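Novice: I'm passing along work-v7.txt; it holds compact mmCIF, N, CA and C atoms.
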```
# COMPACT_ATOMS: atom_id res chain seq x y z
N MET W 1 9.42 -2.64 31.75
CA MET W 1 10.27 -1.71 31.03
C MET W 1 9.69 -1.37 29.66
N ALA W 2 9.25 -2.40 28.93
CA ALA W 2 8.67 -2.16 27.61
C ALA W 2 7.38 -1.36 27.73
N PHE W 3 6.62 -1.61 28.80
CA PHE W 3 5.37 -0.88 29.01
C PHE W 3 5.64 0.61 29.21
N HIS W 4 6.74 0.93 29.88
CA HIS W 4 7.10 2.33 30.09
C HIS W 4 7.37 3.03 28.75
N PHE W 5 8.10 2.36 27.85
CA PHE W 5 8.38 2.95 26.55
C PHE W 5 7.12 3.09 25.71
N LEU W 6 6.19 2.13 25.85
CA LEU W 6 4.93 2.23 25.12
C LEU W 6 4.13 3.43 25.59
N ASN W 7 4.06 3.64 26.91
CA ASN W 7 3.35 4.81 27.42
C ASN W 7 4.02 6.10 26.98
N LEU W 8 5.34 6.11 26.94
CA LEU W 8 6.06 7.29 26.49
C LEU W 8 5.75 7.59 25.03
N PHE W 9 5.69 6.55 24.21
CA PHE W 9 5.38 6.73 22.79
C PHE W 9 3.96 7.22 22.59
N LEU W 10 3.02 6.62 23.31
CA LEU W 10 1.62 7.00 23.14
C LEU W 10 1.34 8.41 23.65
N SER W 11 2.04 8.82 24.68
CA SER W 11 1.81 10.16 25.21
C SER W 11 2.56 11.23 24.42
N ALA W 12 3.41 10.82 23.50
CA ALA W 12 4.18 11.80 22.72
C ALA W 12 3.33 12.46 21.65
N GLY W 13 2.15 11.93 21.38
CA GLY W 13 1.26 12.55 20.41
C GLY W 13 1.54 12.13 18.99
N ALA W 14 2.12 10.95 18.77
CA ALA W 14 2.36 10.47 17.41
C ALA W 14 1.01 10.13 16.79
N SER W 15 0.75 10.66 15.63
CA SER W 15 -0.55 10.47 15.01
C SER W 15 -0.52 9.34 14.01
N GLY W 16 -1.71 8.93 13.60
CA GLY W 16 -1.82 7.90 12.57
C GLY W 16 -1.28 8.37 11.24
N GLN W 17 -1.33 9.67 11.00
CA GLN W 17 -0.81 10.21 9.75
C GLN W 17 0.70 10.02 9.66
N VAL W 18 1.39 10.18 10.77
CA VAL W 18 2.83 9.98 10.79
C VAL W 18 3.15 8.52 10.49
N ALA W 19 2.40 7.60 11.09
CA ALA W 19 2.62 6.18 10.85
C ALA W 19 2.33 5.82 9.40
N THR W 20 1.29 6.40 8.84
CA THR W 20 0.93 6.12 7.46
C THR W 20 2.00 6.62 6.49
N SER W 21 2.47 7.83 6.71
CA SER W 21 3.50 8.35 5.80
C SER W 21 4.81 7.57 5.95
N SER W 22 5.08 7.09 7.14
CA SER W 22 6.27 6.26 7.34
C SER W 22 6.13 4.93 6.60
N ALA W 23 4.96 4.33 6.67
CA ALA W 23 4.73 3.06 5.97
C ALA W 23 4.80 3.25 4.45
N VAL W 24 4.27 4.34 3.96
CA VAL W 24 4.32 4.61 2.53
C VAL W 24 5.77 4.81 2.09
N GLY W 25 6.54 5.51 2.90
CA GLY W 25 7.96 5.70 2.58
C GLY W 25 8.73 4.39 2.57
N MET W 26 8.41 3.50 3.51
CA MET W 26 9.09 2.20 3.55
C MET W 26 8.76 1.37 2.32
N ILE W 27 7.49 1.35 1.93
CA ILE W 27 7.09 0.60 0.74
C ILE W 27 7.74 1.20 -0.50
N GLY W 28 7.80 2.52 -0.56
CA GLY W 28 8.47 3.18 -1.68
C GLY W 28 9.95 2.83 -1.75
N SER W 29 10.58 2.72 -0.60
CA SER W 29 11.99 2.33 -0.57
C SER W 29 12.18 0.91 -1.07
N PHE W 30 11.29 0.01 -0.69
CA PHE W 30 11.37 -1.36 -1.19
C PHE W 30 11.21 -1.41 -2.70
N LEU W 31 10.26 -0.66 -3.23
CA LEU W 31 10.04 -0.64 -4.68
C LEU W 31 11.24 -0.04 -5.41
N ALA W 32 11.80 1.03 -4.85
CA ALA W 32 12.97 1.65 -5.47
C ALA W 32 14.16 0.71 -5.45
N ALA W 33 14.34 -0.02 -4.36
CA ALA W 33 15.44 -0.98 -4.30
C ALA W 33 15.25 -2.08 -5.32
N GLY W 34 14.02 -2.51 -5.49
CA GLY W 34 13.75 -3.54 -6.50
C GLY W 34 14.02 -3.04 -7.90
N ALA W 35 13.66 -1.81 -8.16
CA ALA W 35 13.85 -1.26 -9.50
C ALA W 35 15.31 -0.93 -9.78
N LEU W 36 16.03 -0.46 -8.77
CA LEU W 36 17.40 0.00 -8.99
C LEU W 36 18.46 -1.08 -8.78
N VAL W 37 18.16 -2.10 -7.98
CA VAL W 37 19.17 -3.09 -7.64
C VAL W 37 18.79 -4.48 -8.13
N VAL W 38 17.64 -4.96 -7.72
CA VAL W 38 17.26 -6.35 -7.97
C VAL W 38 17.00 -6.62 -9.45
N ALA W 39 16.22 -5.77 -10.10
CA ALA W 39 15.88 -6.00 -11.51
C ALA W 39 17.11 -5.97 -12.42
N PRO W 40 18.00 -4.97 -12.33
CA PRO W 40 19.19 -5.01 -13.18
C PRO W 40 20.11 -6.19 -12.89
N ALA W 41 20.24 -6.56 -11.61
CA ALA W 41 21.09 -7.70 -11.27
C ALA W 41 20.51 -8.99 -11.84
N ALA W 42 19.20 -9.16 -11.74
CA ALA W 42 18.57 -10.35 -12.31
C ALA W 42 18.72 -10.38 -13.83
N ALA W 43 18.53 -9.24 -14.46
CA ALA W 43 18.67 -9.18 -15.92
C ALA W 43 20.11 -9.50 -16.33
N ALA W 44 21.08 -8.99 -15.60
CA ALA W 44 22.49 -9.29 -15.92
C ALA W 44 22.80 -10.77 -15.74
N LEU W 45 22.30 -11.36 -14.67
CA LEU W 45 22.53 -12.79 -14.45
C LEU W 45 21.88 -13.65 -15.52
N ILE W 46 20.69 -13.29 -15.93
CA ILE W 46 20.02 -14.04 -17.00
C ILE W 46 20.78 -13.89 -18.31
N TRP W 47 21.23 -12.68 -18.61
CA TRP W 47 21.98 -12.44 -19.85
C TRP W 47 23.29 -13.25 -19.87
N VAL W 48 24.01 -13.22 -18.77
CA VAL W 48 25.28 -13.96 -18.68
C VAL W 48 25.02 -15.46 -18.79
N SER W 49 23.98 -15.96 -18.16
CA SER W 49 23.72 -17.40 -18.21
C SER W 49 23.29 -17.83 -19.60
N GLN W 50 22.65 -16.95 -20.34
CA GLN W 50 22.27 -17.29 -21.72
C GLN W 50 23.49 -17.29 -22.65
N LYS W 51 24.43 -16.40 -22.42
CA LYS W 51 25.62 -16.31 -23.25
C LYS W 51 26.62 -17.43 -22.96
N ASP W 52 26.58 -17.97 -21.76
CA ASP W 52 27.55 -18.95 -21.33
C ASP W 52 26.89 -20.34 -21.18
N ALA W 53 26.06 -20.69 -22.14
CA ALA W 53 25.35 -21.96 -22.07
C ALA W 53 26.31 -23.14 -22.28
N LEU W 54 26.05 -24.22 -21.60
CA LEU W 54 26.87 -25.42 -21.76
C LEU W 54 26.39 -26.22 -22.97
N SER W 55 27.32 -26.76 -23.70
CA SER W 55 26.94 -27.63 -24.81
C SER W 55 27.05 -29.10 -24.35
N ARG W 56 25.99 -29.84 -24.55
CA ARG W 56 25.98 -31.24 -24.08
C ARG W 56 25.85 -32.18 -25.26
```
Represent the structure contained in this file as structure tokens.
Specialist:
Amino acid sequence: MAFHFLNLFLSAGASGQVATSSAVGMIGSFLAAGALVVAPAAAALIWVSQKDALSR
């Protein structure tokens, strides 16, 4: 069954350029998610933990 789908994909004429642009888009999405979500969340967590330090 999987072999049938592989033959269908290969005969569809998908080029290496399509795969390359898809990979570039995926990497760009990862970088954008890191810049828009992960970095601000990490900065906020660090800021809050510095402001709420425990006194021992």
Novice: Let me know the centre plus edge lengths, in Å and rounded to one decimal, of a box with edges along x, y and z that contains all listed atoms of region 43-55 of chain W and is padded by 8 Å on every side, as AutoDock Vina command-line options.
Specialist:
```
--center_x 23.0 --center_y -19.0 --center_z -19.6 --size_x 25.0 --size_y 36.1 --size_z 26.4
```
Novice: Please measure the separation of CA of Ser29 (chain W) and CA of Ala41 (chain W), giving the value in Å to one decimal.
Specialist: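 CA of Ala41 (chain W) lies 17.3 Å from CA of Ser29 (chain W).
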Novice: What does the distance from atom N of Gly25 (chain W) to atom C of Ala42 (chain W) come to in Å, to one decimal?
Specialist: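 Atom-to-atom, atom N of Gly25 (chain W) to atom C of Ala42 (chain W), that is 26.1 Å.
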Novice: Quick one: pull the distance between atom N of Met26 (chain W) and atom C of Pro40 (chain W), Å, one decimal.
Specialist: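 Going from atom N of Met26 (chain W) over to atom C of Pro40 (chain W), I get 22.4 Å.
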